[in-house]
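Data file: data_33.pdb. Format and content: PDB, C-alpha atoms and all ligand atoms.
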```
ATOM      1  CA  MET A 184      21.359 -34.247 -27.939
ATOM      2  CA  PRO A 185      18.071 -32.728 -26.857
ATOM      3  CA  VAL A 186      18.114 -29.126 -25.940
ATOM      4  CA  ILE A 187      16.199 -28.460 -22.799
ATOM      5  CA  LYS A 188      15.264 -24.859 -22.463
ATOM      6  CA  LYS A 189      15.000 -23.765 -18.917
ATOM      7  CA  THR A 190      13.975 -20.496 -17.473
ATOM      8  CA  ARG A 191      16.770 -19.734 -15.156
ATOM      9  CA  ARG A 192      15.875 -18.777 -11.680
ATOM     10  CA  ARG A 193      18.384 -16.893  -9.735
ATOM     11  CA  PRO A 194      17.436 -17.206  -6.108
ATOM     12  CA  TRP A 195      20.683 -15.590  -5.040
ATOM     13  CA  ILE A 196      19.608 -12.301  -6.557
ATOM     14  CA  PRO A 197      17.352 -10.519  -4.078
ATOM     15  CA  GLU A 198      13.886  -9.688  -5.323
ATOM     16  CA  ARG A 199      13.530  -6.196  -6.611
ATOM     17  CA  LYS A 200      11.678  -3.925  -4.284
ATOM     18  CA  PRO A 201      10.897  -0.871  -6.360
ATOM     19  CA  PHE A 202       9.877   1.230  -3.368
ATOM     20  CA  GLU A 203      13.333   0.959  -1.854
ATOM     21  CA  ARG A 204      14.769   2.972  -4.661
ATOM     22  CA  TYR A 205      12.369   5.761  -3.848
ATOM     23  CA  ARG A 206      12.528   5.551  -0.091
ATOM     24  CA  HIS A 207      14.629   8.667   0.284
ATOM     25  CA  HIS A 208      13.556  10.307  -2.928
ATOM     26  CA  ASN A 209       9.871  10.890  -2.522
ATOM     27  CA  THR A 210       9.924  14.124  -4.481
ATOM     28  CA  GLN A 211      11.531  12.349  -7.379
ATOM     29  CA  PHE A 212       8.964   9.597  -7.072
ATOM     30  CA  TYR A 213       5.993  11.953  -7.152
ATOM     31  CA  GLN A 214       7.376  13.504 -10.321
ATOM     32  CA  SER A 215       7.925  10.174 -12.042
ATOM     33  CA  SER A 216       5.736   9.311 -14.985
ATOM     34  CA  PRO A 217       4.644   5.854 -13.688
ATOM     35  CA  TRP A 218       3.292   7.574 -10.571
ATOM     36  CA  ARG A 219       1.575  10.344 -12.537
ATOM     37  CA  LYS A 220      -0.102   7.797 -14.774
ATOM     38  CA  LEU A 221      -1.256   5.674 -11.856
ATOM     39  CA  ARG A 222      -2.469   8.733  -9.976
ATOM     40  CA  LYS A 223      -4.550   9.795 -12.947
ATOM     41  CA  MET A 224      -5.907   6.266 -13.324
ATOM     42  CA  LYS A 225      -6.892   6.246  -9.658
ATOM     43  CA  LEU A 226      -8.629   9.615  -9.891
ATOM     44  CA  ASP A 227     -10.510   8.472 -12.988
ATOM     45  CA  GLN A 228     -11.599   5.386 -11.102
ATOM     46  CA  ASP A 229     -12.439   7.108  -7.794
ATOM     47  CA  PRO A 230     -13.046  10.809  -8.441
ATOM     48  CA  MET A 231     -14.610  11.261  -5.000
ATOM     49  CA  CYS A 232     -12.865  11.363  -1.612
ATOM     50  CA  GLU A 233     -13.056   7.829  -0.232
ATOM     51  CA  ILE A 234     -13.051   8.796   3.445
ATOM     52  CA  CYS A 235     -15.873  11.294   2.913
ATOM     53  CA  GLN A 236     -17.766   8.647   0.985
ATOM     54  CA  GLN A 237     -17.557   6.296   3.965
ATOM     55  CA  GLN A 238     -19.217   9.048   5.982
ATOM     56  CA  GLY A 239     -21.932   9.474   3.393
ATOM     57  CA  LYS A 240     -20.510  12.709   1.974
ATOM     58  CA  LEU A 241     -19.602  13.345  -1.630
ATOM     59  CA  THR A 242     -16.487  15.468  -1.909
ATOM     60  CA  PRO A 243     -14.364  15.631  -5.043
ATOM     61  CA  ALA A 244     -10.938  14.082  -4.438
ATOM     62  CA  GLN A 245      -8.056  16.481  -4.731
ATOM     63  CA  MET A 246      -5.219  14.028  -4.324
ATOM     64  CA  VAL A 247      -4.238  10.404  -4.316
ATOM     65  CA  ASP A 248      -2.785   9.122  -1.073
ATOM     66  CA  HIS A 249      -0.873   5.968  -0.176
ATOM     67  CA  ILE A 250      -2.884   4.003   2.384
ATOM     68  CA  VAL A 251       0.356   2.508   3.752
ATOM     69  CA  PRO A 252       2.936   5.265   3.321
ATOM     70  CA  ILE A 253       5.870   4.451   1.043
ATOM     71  CA  ASN A 254       8.355   5.136   3.820
ATOM     72  CA  LYS A 255       6.587   2.506   5.922
ATOM     73  CA  GLY A 256       6.983  -0.119   3.235
ATOM     74  CA  GLY A 257       3.752   0.509   1.351
ATOM     75  CA  ALA A 258       3.734  -0.339  -2.338
ATOM     76  CA  PRO A 259       4.164   2.916  -4.267
ATOM     77  CA  LEU A 260       2.655   1.775  -7.545
ATOM     78  CA  ASP A 261      -0.171  -0.501  -6.441
ATOM     79  CA  LEU A 262      -3.758   0.651  -6.959
ATOM     80  CA  ASP A 263      -4.750  -1.359  -3.877
ATOM     81  CA  ASN A 264      -2.530   0.858  -1.769
ATOM     82  CA  LEU A 265      -4.045   4.077  -3.065
ATOM     83  CA  GLN A 266      -7.015   6.107  -1.967
ATOM     84  CA  SER A 267      -8.515   9.269  -3.385
ATOM     85  CA  LEU A 268      -8.769  11.992  -0.761
ATOM     86  CA  CYS A 269      -9.894  15.582  -0.431
ATOM     87  CA  ASN A 270      -7.513  18.080   1.149
ATOM     88  CA  ALA A 271      -9.298  18.004   4.510
ATOM     89  CA  CYS A 272      -9.155  14.207   4.852
ATOM     90  CA  HIS A 273      -5.567  14.141   3.686
ATOM     91  CA  ALA A 274      -4.610  16.676   6.346
ATOM     92  CA  THR A 275      -6.392  14.628   9.006
ATOM     93  CA  LYS A 276      -4.687  11.426   7.881
ATOM     94  CA  SER A 277      -1.239  13.048   7.732
ATOM     95  CA  ALA A 278      -1.711  14.360  11.244
ATOM     96  CA  LYS A 279      -2.576  10.857  12.444
ATOM     97  CA  ASP A 280       0.400   9.309  10.680
ATOM     98  CA  LYS A 281       2.845  11.488  12.595
TER
HETATM   99 ZN    ZN B 301     -12.653  13.798   2.324
END
```

Written as C-alpha cells, that's how I'd like the structure from this file.
Ligand SMILES: [Zn+2]
Amino acid sequence: MPVIKKTRRRPWIPERKPFERYRHHNTQFYQSSPWRKLRKMKLDQDPMCEICQQQGKLTPAQMVDHIVPINKGGAPLDLDNLQSLCNACHATKSAKDK
C-alpha cells in the first residue's frame, strides 16, 4: 500500500494572530526579546527620523514607532509597520493618534 504523506491543514484552528496576545500587555511586549531585536534592526536600517527626513531634515531617530498602533491591529513584529522617529515627531504622532 502506498503511503501518501500529506501536510495536514487544520482550517478549524483559527490562524494565530501574535498581536492579540500582546494587545493588553504592551509593556510586556516592549520588553520582549523579539521586539528588542527588531527594534535594533530597524534603527540600524533607518538611523534617522523618517518624518524629519520627509521634510528634508536629518535628525537621529530616538525610537521605533508602530505606524499602525498595535492596539489598532497593526502588526507588532513587521518591519513594514515600523518607522524610526525622533522624540519630537513621536510626540506629535502620539498626539494625533489620540
Ligand atoms: Zn523627527

Return as a count of residues only every polymer residue, whether protein, DNA or RNA, with at least one atom no more than 12 Å from an atom of ligand ZN 301 (chain B); count all atoms listed in the file. 30

Near Pro252 (chain A), within 10 Å and counting all atoms listed in the file, which residues show up once chain neighbours fewer than 3 positions away are dropped, as a PDB file with C-alpha atoms, keeping the file's coordinate frame?
```pdb
ATOM      1  CA  ASP A 248      -2.785   9.122  -1.073  1.00  0.00           C
ATOM      2  CA  HIS A 249      -0.873   5.968  -0.176  1.00  0.00           C
ATOM      3  CA  LYS A 255       6.587   2.506   5.922  1.00  0.00           C
ATOM      4  CA  GLY A 256       6.983  -0.119   3.235  1.00  0.00           C
ATOM      5  CA  GLY A 257       3.752   0.509   1.351  1.00  0.00           C
ATOM      6  CA  ALA A 258       3.734  -0.339  -2.338  1.00  0.00           C
ATOM      7  CA  PRO A 259       4.164   2.916  -4.267  1.00  0.00           C
ATOM      8  CA  ASN A 264      -2.530   0.858  -1.769  1.00  0.00           C
ATOM      9  CA  LEU A 265      -4.045   4.077  -3.065  1.00  0.00           C
ATOM     10  CA  SER A 277      -1.239  13.048   7.732  1.00  0.00           C
ATOM     11  CA  ASP A 280       0.400   9.309  10.680  1.00  0.00           C
TER      12      ASP A 280
END
```

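The space between CA of Leu260 (chain A) and CA of Leu221 (chain A) spans 7.0 Å.
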
I'd like the interatomic distance between CA of Leu262 (chain A) and CA of Gln211 (chain A), to a tenth of an Å.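 Between CA of Leu262 (chain A) and CA of Gln211 (chain A) the gap works out to 19.3 Å.
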
Record the distance separating CA of Asn254 (chain A) and CA of Gln228 (chain A), expressed in Å with one decimal.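 That distance, rounded to one decimal, is 24.9 Å.
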
Quick one: axis-aligned box around all listed atoms of region 251-260 of chain A, 8 Å on every side, centre and edge lengths in Å to one decimal, written as AutoDock Vina command-line options.
```
--center_x 4.4 --center_y 2.5 --center_z -0.8 --size_x 24.0 --size_y 21.6 --size_z 29.5
```

Can you spit out region 211-271 of chain A with C-alpha atoms, as a PDB file, in the first residue's frame, from the structure just given?
```pdb
ATOM      1  CA  GLN A 211       5.482  43.103  28.331  1.00  0.00           C
ATOM      2  CA  PHE A 212       5.692  43.306  24.567  1.00  0.00           C
ATOM      3  CA  TYR A 213       8.167  46.179  24.564  1.00  0.00           C
ATOM      4  CA  GLN A 214      10.385  44.201  26.916  1.00  0.00           C
ATOM      5  CA  SER A 215      10.269  41.049  24.818  1.00  0.00           C
ATOM      6  CA  SER A 216      13.418  39.972  23.052  1.00  0.00           C
ATOM      7  CA  PRO A 217      11.830  39.596  19.566  1.00  0.00           C
ATOM      8  CA  TRP A 218      10.755  43.243  19.784  1.00  0.00           C
ATOM      9  CA  ARG A 219      14.143  44.427  21.053  1.00  0.00           C
ATOM     10  CA  LYS A 220      15.896  42.621  18.229  1.00  0.00           C
ATOM     11  CA  LEU A 221      13.552  44.010  15.597  1.00  0.00           C
ATOM     12  CA  ARG A 222      13.812  47.497  17.057  1.00  0.00           C
ATOM     13  CA  LYS A 223      17.583  47.353  16.859  1.00  0.00           C
ATOM     14  CA  MET A 224      17.398  46.029  13.303  1.00  0.00           C
ATOM     15  CA  LYS A 225      15.108  48.901  12.346  1.00  0.00           C
ATOM     16  CA  LEU A 226      17.381  51.510  13.912  1.00  0.00           C
ATOM     17  CA  ASP A 227      20.386  50.013  12.132  1.00  0.00           C
ATOM     18  CA  GLN A 228      18.469  50.204   8.883  1.00  0.00           C
ATOM     19  CA  ASP A 229      16.972  53.683   9.404  1.00  0.00           C
ATOM     20  CA  PRO A 230      19.065  55.562  11.968  1.00  0.00           C
ATOM     21  CA  MET A 231      17.423  58.869  11.039  1.00  0.00           C
ATOM     22  CA  CYS A 232      13.911  60.080  11.897  1.00  0.00           C
ATOM     23  CA  GLU A 233      11.745  59.206   8.902  1.00  0.00           C
ATOM     24  CA  ILE A 234       9.248  62.042   9.327  1.00  0.00           C
ATOM     25  CA  CYS A 235      12.039  64.619   9.568  1.00  0.00           C
ATOM     26  CA  GLN A 236      13.637  63.079   6.505  1.00  0.00           C
ATOM     27  CA  GLN A 237      10.430  63.614   4.536  1.00  0.00           C
ATOM     28  CA  GLN A 238      10.722  67.281   5.467  1.00  0.00           C
ATOM     29  CA  GLY A 239      14.325  67.403   4.345  1.00  0.00           C
ATOM     30  CA  LYS A 240      15.754  67.397   7.875  1.00  0.00           C
ATOM     31  CA  LEU A 241      18.249  64.933   9.259  1.00  0.00           C
ATOM     32  CA  THR A 242      17.504  64.105  12.872  1.00  0.00           C
ATOM     33  CA  PRO A 243      18.820  60.999  14.599  1.00  0.00           C
ATOM     34  CA  ALA A 244      15.971  58.625  15.465  1.00  0.00           C
ATOM     35  CA  GLN A 245      15.459  58.065  19.149  1.00  0.00           C
ATOM     36  CA  MET A 246      12.771  55.424  18.963  1.00  0.00           C
ATOM     37  CA  VAL A 247      10.993  52.968  16.749  1.00  0.00           C
ATOM     38  CA  ASP A 248       7.277  53.525  16.362  1.00  0.00           C
ATOM     39  CA  HIS A 249       4.474  51.351  15.013  1.00  0.00           C
ATOM     40  CA  ILE A 250       2.922  53.082  12.003  1.00  0.00           C
ATOM     41  CA  VAL A 251      -0.394  51.325  12.726  1.00  0.00           C
ATOM     42  CA  PRO A 252      -0.514  51.037  16.514  1.00  0.00           C
ATOM     43  CA  ILE A 253      -0.630  47.501  17.907  1.00  0.00           C
ATOM     44  CA  ASN A 254      -3.873  48.211  19.734  1.00  0.00           C
ATOM     45  CA  LYS A 255      -5.432  49.165  16.398  1.00  0.00           C
ATOM     46  CA  GLY A 256      -4.481  45.857  14.843  1.00  0.00           C
ATOM     47  CA  GLY A 257      -1.071  46.826  13.495  1.00  0.00           C
ATOM     48  CA  ALA A 258       1.481  44.052  13.155  1.00  0.00           C
ATOM     49  CA  PRO A 259       3.845  44.296  16.131  1.00  0.00           C
ATOM     50  CA  LEU A 260       6.789  42.474  14.601  1.00  0.00           C
ATOM     51  CA  ASP A 261       6.691  43.581  10.974  1.00  0.00           C
ATOM     52  CA  LEU A 262       9.423  45.893   9.692  1.00  0.00           C
ATOM     53  CA  ASP A 263       6.905  47.353   7.232  1.00  0.00           C
ATOM     54  CA  ASN A 264       4.843  48.595  10.147  1.00  0.00           C
ATOM     55  CA  LEU A 265       7.761  50.326  11.830  1.00  0.00           C
ATOM     56  CA  GLN A 266       9.220  53.773  11.468  1.00  0.00           C
ATOM     57  CA  SER A 267      12.203  55.387  13.126  1.00  0.00           C
ATOM     58  CA  LEU A 268      11.257  58.627  14.853  1.00  0.00           C
ATOM     59  CA  CYS A 269      12.842  61.361  16.921  1.00  0.00           C
ATOM     60  CA  ASN A 270      11.195  62.325  20.201  1.00  0.00           C
ATOM     61  CA  ALA A 271       9.553  65.427  18.732  1.00  0.00           C
TER      62      ALA A 271
END
```
